[in-house]
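Visitor: Encoded as structure tokens, here's the structure I'll be asking about.
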Amino acid sequence: MRSFILAAVVALAAPAWATGERVLLSRDAEPFRENICVSMTCVTSGPRDAVVTARSLKEGLELTVKSPSGQVKLVHLTRFTADGDLSSIDVVRASSLAVKAIESNKPLTTPAPKIAKAPKKAAKLRLLAHR
């Protein structure tokens, strides 16, 4: 009985992993390969549904997802840690954004990092303290 249930679960769960999108990853996008290729079919040539590239910048690794026609679907910056490596959590987040961009029909935008601003009242208090 257990083997029948296990076989049924495996048979029913298999289509959930196979989405059918064919993705070409560039050599620089290697840190994202393991996460993206679990959900997509990674190819080296032939027809494809998306092209995932990465380029190294001063502050991090910029991940770009393009459609076969060249339309940019996602541009996301994964920042380096203090050691100069990529955080595994940031790699997984960027990979999930890439998968979402590949599956969607419209371009995704990632929000810019928020910069904390001091409230205006605190600024007035600081001015009074200098007098």
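Quick note on naming: the chains in the structure tokens go A, B, ... in the order shown, residues restart at 1 in each chain, and ligands are numbered from 1 in order of appearance.
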Residues of range 33-70 of chain A that approach range 93-101 of chain A to 9 Å or less, counting only C-alpha atoms: could you list each one with the shortest pair of atoms and its distance in Å to one decimal, rows by chain and increasing residue number, as a Markdown table?
Guide:
```
| residue | atom | partner | partner_atom | distance |
| --- | --- | --- | --- | --- |
| A:Arg33 | CA | A:Ser95 | CA | 8.4 |
| A:Asn35 | CA | A:Ser95 | CA | 6.1 |
| A:Ile36 | CA | A:Ser95 | CA | 5.9 |
| A:Ser39 | CA | A:Val99 | CA | 7.5 |
| A:Met40 | CA | A:Val99 | CA | 7.8 |
| A:Val52 | CA | A:Ala98 | CA | 7.9 |
| A:Leu63 | CA | A:Ala94 | CA | 7.5 |
| A:Thr64 | CA | A:Ala98 | CA | 8.0 |
| A:Val65 | CA | A:Ala98 | CA | 6.5 |
| A:Lys66 | CA | A:Ala101 | CA | 8.9 |
```
Visitor: Given the choices A:Val51, A:Lys73, A:Asp90, A:Val43, which gets closest to Pro31 in chain A if the distance is worked out from only C-alpha atoms?
Guide: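 For Pro31 in chain A, the nearest of the candidates is A:Asp90.
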Visitor: For Thr78 in chain A, please output as a CSV table (one decimal) with N, CA, C and O atoms, in the first residue's frame all residues within 8 Å (counting only C-alpha atoms; exclusion window: fewer than 2 positions along the same chain).
Guide:
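Here's the written file out.csv:
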```csv
chain,number,residue,atom,x,y,z
A,60,GLY,N,28.4,44.2,-7.5
A,60,GLY,CA,27.7,42.9,-7.5
A,60,GLY,C,27.6,42.3,-8.9
A,60,GLY,O,28.3,42.7,-9.8
A,61,LEU,N,26.8,41.3,-9.0
A,61,LEU,CA,26.5,40.6,-10.2
A,61,LEU,C,25.1,41.0,-10.7
A,61,LEU,O,24.1,40.8,-10.0
A,62,GLU,N,25.1,41.5,-12.0
A,62,GLU,CA,23.8,41.9,-12.5
A,62,GLU,C,23.2,40.8,-13.4
A,62,GLU,O,23.9,40.3,-14.4
A,63,LEU,N,22.1,40.3,-13.0
A,63,LEU,CA,21.4,39.2,-13.7
A,63,LEU,C,20.4,39.8,-14.7
A,63,LEU,O,19.6,40.7,-14.3
A,76,HIS,N,18.4,42.5,-12.5
A,76,HIS,CA,18.4,42.4,-11.0
A,76,HIS,C,19.9,42.4,-10.6
A,76,HIS,O,20.7,41.7,-11.2
A,80,PHE,N,27.6,41.8,-3.8
A,80,PHE,CA,28.6,41.0,-3.1
A,80,PHE,C,28.6,41.2,-1.6
A,80,PHE,O,28.2,42.3,-1.2
A,86,LEU,N,29.0,35.9,-3.2
A,86,LEU,CA,27.5,36.2,-3.3
A,86,LEU,C,26.9,35.4,-2.1
A,86,LEU,O,27.2,34.3,-1.9
A,90,ASP,N,20.7,35.6,-1.4
A,90,ASP,CA,20.6,36.5,-2.6
A,90,ASP,C,20.6,35.8,-3.9
A,90,ASP,O,19.8,36.2,-4.8
A,91,VAL,N,21.3,34.7,-4.0
A,91,VAL,CA,21.4,33.9,-5.3
A,91,VAL,C,20.0,33.3,-5.5
A,91,VAL,O,19.5,33.2,-6.6
A,94,ALA,N,17.4,35.9,-6.5
A,94,ALA,CA,17.6,36.3,-7.9
A,94,ALA,C,17.2,35.2,-8.8
A,94,ALA,O,16.6,35.5,-9.9
```
Visitor: Go through A:Ser67, A:Asn105, A:Arg22, A:Thr81 one by one, measure the shortest atom-to-atom distance of each to Thr44 in chain A using only C-alpha atoms, and give the residue with the smallest value.
Guide: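 Looking only at the distances to Thr44 in chain A, the closest residue turns out to be A:Arg22.
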Visitor: Quick one: distance from CA of Val38 in chain A to CA of Ala54 in chain A in Å, one decimal?
Guide: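 CA of Val38 in chain A sits 18.4 Å away from CA of Ala54 in chain A.
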Visitor: Write out as an NGL selection string the set of residues from range 5-91 of chain A that DSSP, computed on the backbone, places in alpha helix (DSSP H).
Guide: :A and (5-17 or 30-39 or 88-91)
Visitor: Go ahead and save the residues from that selection, with N, CA and C atoms, as a PDB file, in the first residue's frame.
Guide:
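As written to disk, out.pdb reads:
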```
ATOM      1  N   ILE A   5       1.112   4.440  -2.819  1.00  0.00           N
ATOM      2  CA  ILE A   5       0.941   5.859  -2.490  1.00  0.00           C
ATOM      3  C   ILE A   5       2.175   6.646  -2.903  1.00  0.00           C
ATOM      4  N   LEU A   6       3.340   6.089  -2.646  1.00  0.00           N
ATOM      5  CA  LEU A   6       4.582   6.743  -3.031  1.00  0.00           C
ATOM      6  C   LEU A   6       4.675   6.896  -4.550  1.00  0.00           C
ATOM      7  N   ALA A   7       4.316   5.869  -5.279  1.00  0.00           N
ATOM      8  CA  ALA A   7       4.332   5.930  -6.743  1.00  0.00           C
ATOM      9  C   ALA A   7       3.334   6.953  -7.260  1.00  0.00           C
ATOM     10  N   ALA A   8       2.163   7.042  -6.639  1.00  0.00           N
ATOM     11  CA  ALA A   8       1.148   8.016  -7.054  1.00  0.00           C
ATOM     12  C   ALA A   8       1.621   9.436  -6.793  1.00  0.00           C
ATOM     13  N   VAL A   9       2.262   9.665  -5.657  1.00  0.00           N
ATOM     14  CA  VAL A   9       2.773  11.003  -5.339  1.00  0.00           C
ATOM     15  C   VAL A   9       3.858  11.409  -6.317  1.00  0.00           C
ATOM     16  N   VAL A  10       4.762  10.512  -6.630  1.00  0.00           N
ATOM     17  CA  VAL A  10       5.846  10.812  -7.570  1.00  0.00           C
ATOM     18  C   VAL A  10       5.287  11.078  -8.963  1.00  0.00           C
ATOM     19  N   ALA A  11       4.320  10.283  -9.394  1.00  0.00           N
ATOM     20  CA  ALA A  11       3.738  10.448 -10.729  1.00  0.00           C
ATOM     21  C   ALA A  11       2.968  11.756 -10.849  1.00  0.00           C
ATOM     22  N   LEU A  12       2.271  12.141  -9.794  1.00  0.00           N
ATOM     23  CA  LEU A  12       1.497  13.376  -9.842  1.00  0.00           C
ATOM     24  C   LEU A  12       2.353  14.620  -9.630  1.00  0.00           C
ATOM     25  N   ALA A  13       3.466  14.488  -8.932  1.00  0.00           N
ATOM     26  CA  ALA A  13       4.314  15.640  -8.656  1.00  0.00           C
ATOM     27  C   ALA A  13       5.274  15.952  -9.799  1.00  0.00           C
ATOM     28  N   ALA A  14       5.577  14.996 -10.633  1.00  0.00           N
ATOM     29  CA  ALA A  14       6.548  15.202 -11.717  1.00  0.00           C
ATOM     30  C   ALA A  14       6.160  16.334 -12.661  1.00  0.00           C
ATOM     31  N   PRO A  15       4.906  16.466 -13.096  1.00  0.00           N
ATOM     32  CA  PRO A  15       4.576  17.568 -13.995  1.00  0.00           C
ATOM     33  C   PRO A  15       4.733  18.944 -13.359  1.00  0.00           C
ATOM     34  N   ALA A  16       4.674  19.016 -12.054  1.00  0.00           N
ATOM     35  CA  ALA A  16       4.835  20.314 -11.393  1.00  0.00           C
ATOM     36  C   ALA A  16       6.246  20.850 -11.565  1.00  0.00           C
ATOM     37  N   TRP A  17       7.232  19.986 -11.681  1.00  0.00           N
ATOM     38  CA  TRP A  17       8.609  20.426 -11.848  1.00  0.00           C
ATOM     39  C   TRP A  17       8.948  20.725 -13.302  1.00  0.00           C
ATOM     40  N   GLU A  30      26.656  31.251 -14.071  1.00  0.00           N
ATOM     41  CA  GLU A  30      26.868  29.938 -13.455  1.00  0.00           C
ATOM     42  C   GLU A  30      26.383  29.843 -12.001  1.00  0.00           C
ATOM     43  N   PRO A  31      26.511  30.885 -11.158  1.00  0.00           N
ATOM     44  CA  PRO A  31      26.005  30.764  -9.793  1.00  0.00           C
ATOM     45  C   PRO A  31      24.498  30.513  -9.715  1.00  0.00           C
ATOM     46  N   PHE A  32      23.773  30.879 -10.763  1.00  0.00           N
ATOM     47  CA  PHE A  32      22.320  30.738 -10.772  1.00  0.00           C
ATOM     48  C   PHE A  32      21.860  29.452 -11.458  1.00  0.00           C
ATOM     49  N   ARG A  33      22.771  28.732 -12.075  1.00  0.00           N
ATOM     50  CA  ARG A  33      22.426  27.554 -12.879  1.00  0.00           C
ATOM     51  C   ARG A  33      21.668  26.496 -12.079  1.00  0.00           C
ATOM     52  N   GLU A  34      22.165  26.164 -10.922  1.00  0.00           N
ATOM     53  CA  GLU A  34      21.558  25.079 -10.141  1.00  0.00           C
ATOM     54  C   GLU A  34      20.102  25.384  -9.798  1.00  0.00           C
ATOM     55  N   ASN A  35      19.821  26.614  -9.425  1.00  0.00           N
ATOM     56  CA  ASN A  35      18.457  26.974  -9.039  1.00  0.00           C
ATOM     57  C   ASN A  35      17.523  27.116 -10.237  1.00  0.00           C
ATOM     58  N   ILE A  36      18.006  27.673 -11.325  1.00  0.00           N
ATOM     59  CA  ILE A  36      17.152  27.887 -12.493  1.00  0.00           C
ATOM     60  C   ILE A  36      16.896  26.577 -13.233  1.00  0.00           C
ATOM     61  N   CYS A  37      17.903  25.722 -13.331  1.00  0.00           N
ATOM     62  CA  CYS A  37      17.757  24.483 -14.089  1.00  0.00           C
ATOM     63  C   CYS A  37      16.883  23.450 -13.387  1.00  0.00           C
ATOM     64  N   VAL A  38      16.567  23.649 -12.112  1.00  0.00           N
ATOM     65  CA  VAL A  38      15.618  22.772 -11.433  1.00  0.00           C
ATOM     66  C   VAL A  38      14.221  22.998 -11.994  1.00  0.00           C
ATOM     67  N   SER A  39      13.885  24.254 -12.270  1.00  0.00           N
ATOM     68  CA  SER A  39      12.541  24.600 -12.745  1.00  0.00           C
ATOM     69  C   SER A  39      12.419  24.628 -14.256  1.00  0.00           C
ATOM     70  N   SER A  88      24.148  33.186  -0.433  1.00  0.00           N
ATOM     71  CA  SER A  88      23.304  32.124  -0.995  1.00  0.00           C
ATOM     72  C   SER A  88      21.840  32.533  -1.004  1.00  0.00           C
ATOM     73  N   ILE A  89      21.410  33.300  -0.027  1.00  0.00           N
ATOM     74  CA  ILE A  89      20.019  33.767   0.011  1.00  0.00           C
ATOM     75  C   ILE A  89      19.759  34.721  -1.147  1.00  0.00           C
ATOM     76  N   ASP A  90      20.714  35.600  -1.442  1.00  0.00           N
ATOM     77  CA  ASP A  90      20.558  36.529  -2.561  1.00  0.00           C
ATOM     78  C   ASP A  90      20.554  35.802  -3.901  1.00  0.00           C
ATOM     79  N   VAL A  91      21.344  34.743  -4.017  1.00  0.00           N
ATOM     80  CA  VAL A  91      21.367  33.948  -5.251  1.00  0.00           C
ATOM     81  C   VAL A  91      20.023  33.260  -5.460  1.00  0.00           C
TER      82      VAL A  91
END
```
Visitor: What does the distance from CA of Val92 in chain A to CA of Asp49 in chain A come to in Å, to one decimal?
Guide: 20.8 Å
Visitor: Using only C-alpha atoms, pick whichever of A:Leu77, A:Val72, A:Leu25, A:Ile102 has the shortest atom-to-atom distance to Thr53 in chain A.
Guide: A:Leu25
Visitor: Can you tell me how far CA of Gly46 in chain A sits from CA of Pro68 in chain A, in Å to one decimal?
Guide: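 Separation of CA of Gly46 in chain A and CA of Pro68 in chain A: 11.1 Å.
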